[in-house]
Amino acid sequence: SGDSSYLSRTMTSAGNRRIWTLSFWYKPTGKDFTSTGYDVILTAWADATHFDEVVFYQGKLQYESYAGSTACKLRTTQVFRDPSAWYHIVLRNDTTDGTAGDRMKIYVNGEEVTAFDTDTNPSLNMDWYINDGSSDLEIGRFGSYGTYMSAYLAEVYLIDGTALDASSFGETDSTTNQWKPIE
């Protein structure tokens with residue numbers, strides 16, 4: 001609803017900061033983020049100048065790590081604004097991959113996204129704040145900036161140490177040809 005509710009966990013031990021997967025189902029509420037503003041999904045917050053974020057910025061999905069300046073960022077050209085639609089989003093992260101363009105991947109409803117407004121790849125073996133063992137991991141809030149999510153989320157998974165694609169979480173229904181969660 002965009003109010004001050006969110007989920008938070010202070011990490012007490014480190015996980016894999018180079019290889020991980022985030023999967024979630026997202027349904028916008030119709031609030032207009034296309035011209036200004038953020039719809040915050042997840043942040044890993046060390047401080048105001050060191051954080052990772054997954055947000056919808058001006059209606060476009062953005063996934064980045066910021067360490068005093070942008071370390072890496074993908075922002076889709078696709079705008080997500082249909083309040084009647086559920087979107088399945090998978091972010092596959094593997095900074096150990098020798099091919100720079102394969103270190104960050106986004107899948108929407110089972111299809112890999114290849115069109116980006118911003119495409120800045122992480123350096124080889126870059127560590128994220130996600131899983132760092134001391135950052136606050138928050139769903140629905142952007143750190144201490146006081147920006148909150150205004151959407152629905154379902155089946156949110158953060159998989160530590162494995163880079164998965166969308167088929168690990170969803171499949172095409174043989175009857176309706178619609179993307180759906182796997183059982």
# chains A, B, ... in the order shown; residues from 1 in each chain; ligands from 1
>>> closest_atom_pairs(of="stretch 111-181 of chain A", to="stretch 59-63 of chain A", cutoff="10 Å", atoms="only C-alpha atoms", output="JSON lines")
{"residue": "A:Phe116", "atom": "CA", "partner": "A:Lys60", "partner_atom": "CA", "distance": 9.5}
{"residue": "A:Asp117", "atom": "CA", "partner": "A:Lys60", "partner_atom": "CA", "distance": 9.1}
{"residue": "A:Thr118", "atom": "CA", "partner": "A:Gln62", "partner_atom": "CA", "distance": 8.7}
>>> atom_distance(atom1="atom CA of A:Gln58", atom2="atom CA of A:Val113")
17.6 Å
>>> select_by_dssp(residues="chain A", states="strand (DSSP E or B)", output="PyMOL selection string")
chain A and resi 7-10+19-28+38-47+50-57+60-67+70-79+87-94+104-108+111-112+116-120+136-139+141-142+147-148+151-160+170-172+179-181
>>> closest_atom_pairs(of="stretch 21-57 of chain A", to="stretch 160-181 of chain A", cutoff="10 Å", atoms="only C-alpha atoms", output="JSON lines")
{"residue": "A:Thr21", "atom": "CA", "partner": "A:Ala163", "partner_atom": "CA", "distance": 5.4}
{"residue": "A:Leu22", "atom": "CA", "partner": "A:Leu164", "partner_atom": "CA", "distance": 8.8}
{"residue": "A:Ser23", "atom": "CA", "partner": "A:Phe169", "partner_atom": "CA", "distance": 7.5}
{"residue": "A:Phe24", "atom": "CA", "partner": "A:Phe169", "partner_atom": "CA", "distance": 9.1}
{"residue": "A:Trp25", "atom": "CA", "partner": "A:Pro181", "partner_atom": "CA", "distance": 9.0}
>>> residues_around(residues="A:Leu74", least_positions_apart="3", cutoff="12 Å", atoms="only C-alpha atoms", output="ChimeraX atom specification")
/A:52-57,60-65,70-71,77-78,91-93,101-107,113-122
>>> write_last_selection(atoms="N, CA and C atoms", output="mmCIF file, in the first residue's frame")
data_model
loop_
_atom_site.group_PDB
_atom_site.id
_atom_site.type_symbol
_atom_site.label_atom_id
_atom_site.label_comp_id
_atom_site.auth_asym_id
_atom_site.auth_seq_id
_atom_site.Cartn_x
_atom_site.Cartn_y
_atom_site.Cartn_z
ATOM 1 N N ASP A 52 22.524 -2.697 -2.153
ATOM 2 C CA ASP A 52 21.995 -3.351 -3.342
ATOM 3 C C ASP A 52 20.504 -3.081 -3.362
ATOM 4 N N GLU A 53 19.925 -2.980 -4.551
ATOM 5 C CA GLU A 53 18.494 -2.730 -4.630
ATOM 6 C C GLU A 53 17.865 -3.482 -5.795
ATOM 7 N N VAL A 54 16.622 -3.871 -5.576
ATOM 8 C CA VAL A 54 15.745 -4.367 -6.631
ATOM 9 C C VAL A 54 14.500 -3.503 -6.524
ATOM 10 N N VAL A 55 14.280 -2.669 -7.535
ATOM 11 C CA VAL A 55 13.176 -1.714 -7.503
ATOM 12 C C VAL A 55 12.536 -1.636 -8.893
ATOM 13 N N PHE A 56 11.356 -1.078 -8.919
ATOM 14 C CA PHE A 56 10.764 -0.643 -10.176
ATOM 15 C C PHE A 56 10.912 0.870 -10.178
ATOM 16 N N TYR A 57 11.796 1.364 -11.040
ATOM 17 C CA TYR A 57 12.078 2.791 -11.137
ATOM 18 C C TYR A 57 11.377 3.324 -12.378
ATOM 19 N N LYS A 60 10.097 0.653 -14.569
ATOM 20 C CA LYS A 60 11.043 -0.298 -15.166
ATOM 21 C C LYS A 60 11.790 -1.040 -14.065
ATOM 22 N N LEU A 61 12.009 -2.334 -14.264
ATOM 23 C CA LEU A 61 12.724 -3.143 -13.280
ATOM 24 C C LEU A 61 14.197 -2.774 -13.279
ATOM 25 N N GLN A 62 14.715 -2.488 -12.091
ATOM 26 C CA GLN A 62 16.112 -2.092 -11.924
ATOM 27 C C GLN A 62 16.737 -2.941 -10.822
ATOM 28 N N TYR A 63 17.920 -3.447 -11.109
ATOM 29 C CA TYR A 63 18.636 -4.326 -10.182
ATOM 30 C C TYR A 63 20.071 -3.844 -10.200
ATOM 31 N N GLU A 64 20.581 -3.388 -9.014
ATOM 32 C CA GLU A 64 21.907 -2.788 -9.008
ATOM 33 C C GLU A 64 22.609 -2.943 -7.668
ATOM 34 N N SER A 65 23.921 -2.757 -7.719
ATOM 35 C CA SER A 65 24.740 -2.640 -6.523
ATOM 36 C C SER A 65 25.413 -1.277 -6.572
ATOM 37 N N THR A 70 27.784 3.658 -8.859
ATOM 38 C CA THR A 70 27.168 2.439 -9.381
ATOM 39 C C THR A 70 28.232 1.428 -9.747
ATOM 40 N N ALA A 71 28.194 0.265 -9.107
ATOM 41 C CA ALA A 71 29.116 -0.815 -9.419
ATOM 42 C C ALA A 71 28.588 -1.638 -10.594
ATOM 43 N N THR A 77 13.990 -1.981 -20.463
ATOM 44 C CA THR A 77 13.226 -1.031 -21.263
ATOM 45 C C THR A 77 11.731 -1.272 -21.057
ATOM 46 N N GLN A 78 11.372 -2.499 -20.711
ATOM 47 C CA GLN A 78 9.977 -2.867 -20.469
ATOM 48 C C GLN A 78 9.447 -2.159 -19.232
ATOM 49 N N LEU A 91 15.981 -12.931 -10.866
ATOM 50 C CA LEU A 91 17.276 -12.273 -11.024
ATOM 51 C C LEU A 91 18.340 -13.319 -10.747
ATOM 52 N N ARG A 92 19.135 -13.618 -11.747
ATOM 53 C CA ARG A 92 20.193 -14.624 -11.636
ATOM 54 C C ARG A 92 21.516 -13.873 -11.578
ATOM 55 N N ASN A 93 22.265 -14.117 -10.515
ATOM 56 C CA ASN A 93 23.503 -13.376 -10.293
ATOM 57 C C ASN A 93 24.676 -14.340 -10.129
ATOM 58 N N GLY A 101 28.672 -10.209 -19.694
ATOM 59 C CA GLY A 101 27.252 -10.082 -19.978
ATOM 60 C C GLY A 101 26.392 -11.186 -19.398
ATOM 61 N N ASP A 102 27.018 -12.217 -18.843
ATOM 62 C CA ASP A 102 26.268 -13.325 -18.232
ATOM 63 C C ASP A 102 26.265 -13.267 -16.706
ATOM 64 N N ARG A 103 26.861 -12.258 -16.121
ATOM 65 C CA ARG A 103 26.960 -12.183 -14.654
ATOM 66 C C ARG A 103 25.650 -11.767 -13.989
ATOM 67 N N MET A 104 24.835 -10.981 -14.672
ATOM 68 C CA MET A 104 23.516 -10.569 -14.176
ATOM 69 C C MET A 104 22.501 -10.897 -15.264
ATOM 70 N N LYS A 105 21.444 -11.605 -14.887
ATOM 71 C CA LYS A 105 20.382 -11.919 -15.849
ATOM 72 C C LYS A 105 19.033 -11.671 -15.199
ATOM 73 N N ILE A 106 18.090 -11.257 -16.033
ATOM 74 C CA ILE A 106 16.713 -11.056 -15.595
ATOM 75 C C ILE A 106 15.811 -11.902 -16.473
ATOM 76 N N TYR A 107 14.869 -12.594 -15.824
ATOM 77 C CA TYR A 107 13.836 -13.349 -16.533
ATOM 78 C C TYR A 107 12.481 -12.801 -16.099
ATOM 79 N N VAL A 113 15.279 -11.458 -20.344
ATOM 80 C CA VAL A 113 15.213 -10.084 -20.826
ATOM 81 C C VAL A 113 16.553 -9.744 -21.471
ATOM 82 N N THR A 114 16.499 -9.153 -22.653
ATOM 83 C CA THR A 114 17.733 -8.782 -23.358
ATOM 84 C C THR A 114 17.766 -7.313 -23.761
ATOM 85 N N ALA A 115 16.677 -6.578 -23.492
ATOM 86 C CA ALA A 115 16.624 -5.158 -23.845
ATOM 87 C C ALA A 115 16.675 -4.315 -22.572
ATOM 88 N N PHE A 116 17.701 -3.479 -22.479
ATOM 89 C CA PHE A 116 17.925 -2.688 -21.277
ATOM 90 C C PHE A 116 18.170 -1.219 -21.609
ATOM 91 N N ASP A 117 17.634 -0.342 -20.773
ATOM 92 C CA ASP A 117 17.991 1.078 -20.836
ATOM 93 C C ASP A 117 19.391 1.285 -20.272
ATOM 94 N N THR A 118 19.702 0.532 -19.219
ATOM 95 C CA THR A 118 21.018 0.590 -18.586
ATOM 96 C C THR A 118 21.530 -0.836 -18.446
ATOM 97 N N ASP A 119 22.780 -1.058 -18.873
ATOM 98 C CA ASP A 119 23.389 -2.389 -18.812
ATOM 99 C C ASP A 119 24.856 -2.217 -18.426
ATOM 100 N N THR A 120 25.102 -2.152 -17.112
ATOM 101 C CA THR A 120 26.450 -2.005 -16.581
ATOM 102 C C THR A 120 26.788 -3.270 -15.814
ATOM 103 N N ASN A 121 27.723 -4.047 -16.342
ATOM 104 C CA ASN A 121 28.051 -5.344 -15.761
ATOM 105 C C ASN A 121 28.968 -5.232 -14.555
ATOM 106 N N PRO A 122 28.813 -6.146 -13.595
ATOM 107 C CA PRO A 122 29.723 -6.156 -12.448
ATOM 108 C C PRO A 122 31.103 -6.664 -12.855
#
>>> closest_residue(among="A:Met126, A:Val156, A:Met11, A:Ala85", to="A:Gly98", atoms="only C-alpha atoms")
A:Met126
>>> closest_residue(among="A:His88, A:Asp39, A:Ser135, A:Gly68", to="A:Ala14", atoms="only C-alpha atoms")
A:Ser135
>>> residues_around(residues="A:Asn131", least_positions_apart="3", cutoff="10 Å", atoms="only C-alpha atoms", output="list of chain:residue names")
A:Met11, A:Thr12, A:Ser13, A:Ala14, A:Gly15, A:Asn16, A:Arg17, A:Arg18, A:Ile19, A:Trp20, A:Ala44, A:Asp127, A:Trp128, A:Ser134, A:Ser135, A:Asp136, A:Leu137, A:Leu158, A:Asp160, A:Gly161
>>> atom_distance(atom1="atom CA of A:Glu111", atom2="atom CA of A:Tyr148")
27.7 Å
>>> closest_residue(among="A:Val90, A:Ala100, A:Ile182, A:Val79", to="A:Asp32", atoms="only C-alpha atoms")
A:Val79
>>> closest_residue(among="A:Tyr6, A:Tyr26, A:Phe80, A:Trp45", to="A:Ile130", atoms="only C-alpha atoms")
A:Trp45
>>> atom_distance(atom1="atom CA of A:Ile41", atom2="atom CA of A:Gly140")
5.0 Å
>>> closest_residue(among="A:Asn125, A:Thr96, A:Thr29, A:Ser4", to="A:Tyr152", atoms="only C-alpha atoms")
A:Thr29
>>> closest_residue(among="A:Ser5, A:Leu124, A:Glu112, A:Glu155", to="A:Val40", atoms="only C-alpha atoms")
A:Ser5
>>> select_by_dssp(residues="stretch 47-166 of chain A", states="helix (DSSP H, G or I)", output="list in words")
Ala100, Gly101, Asp102, Gly143, Ser144, Tyr145 and Ala166 of chain A
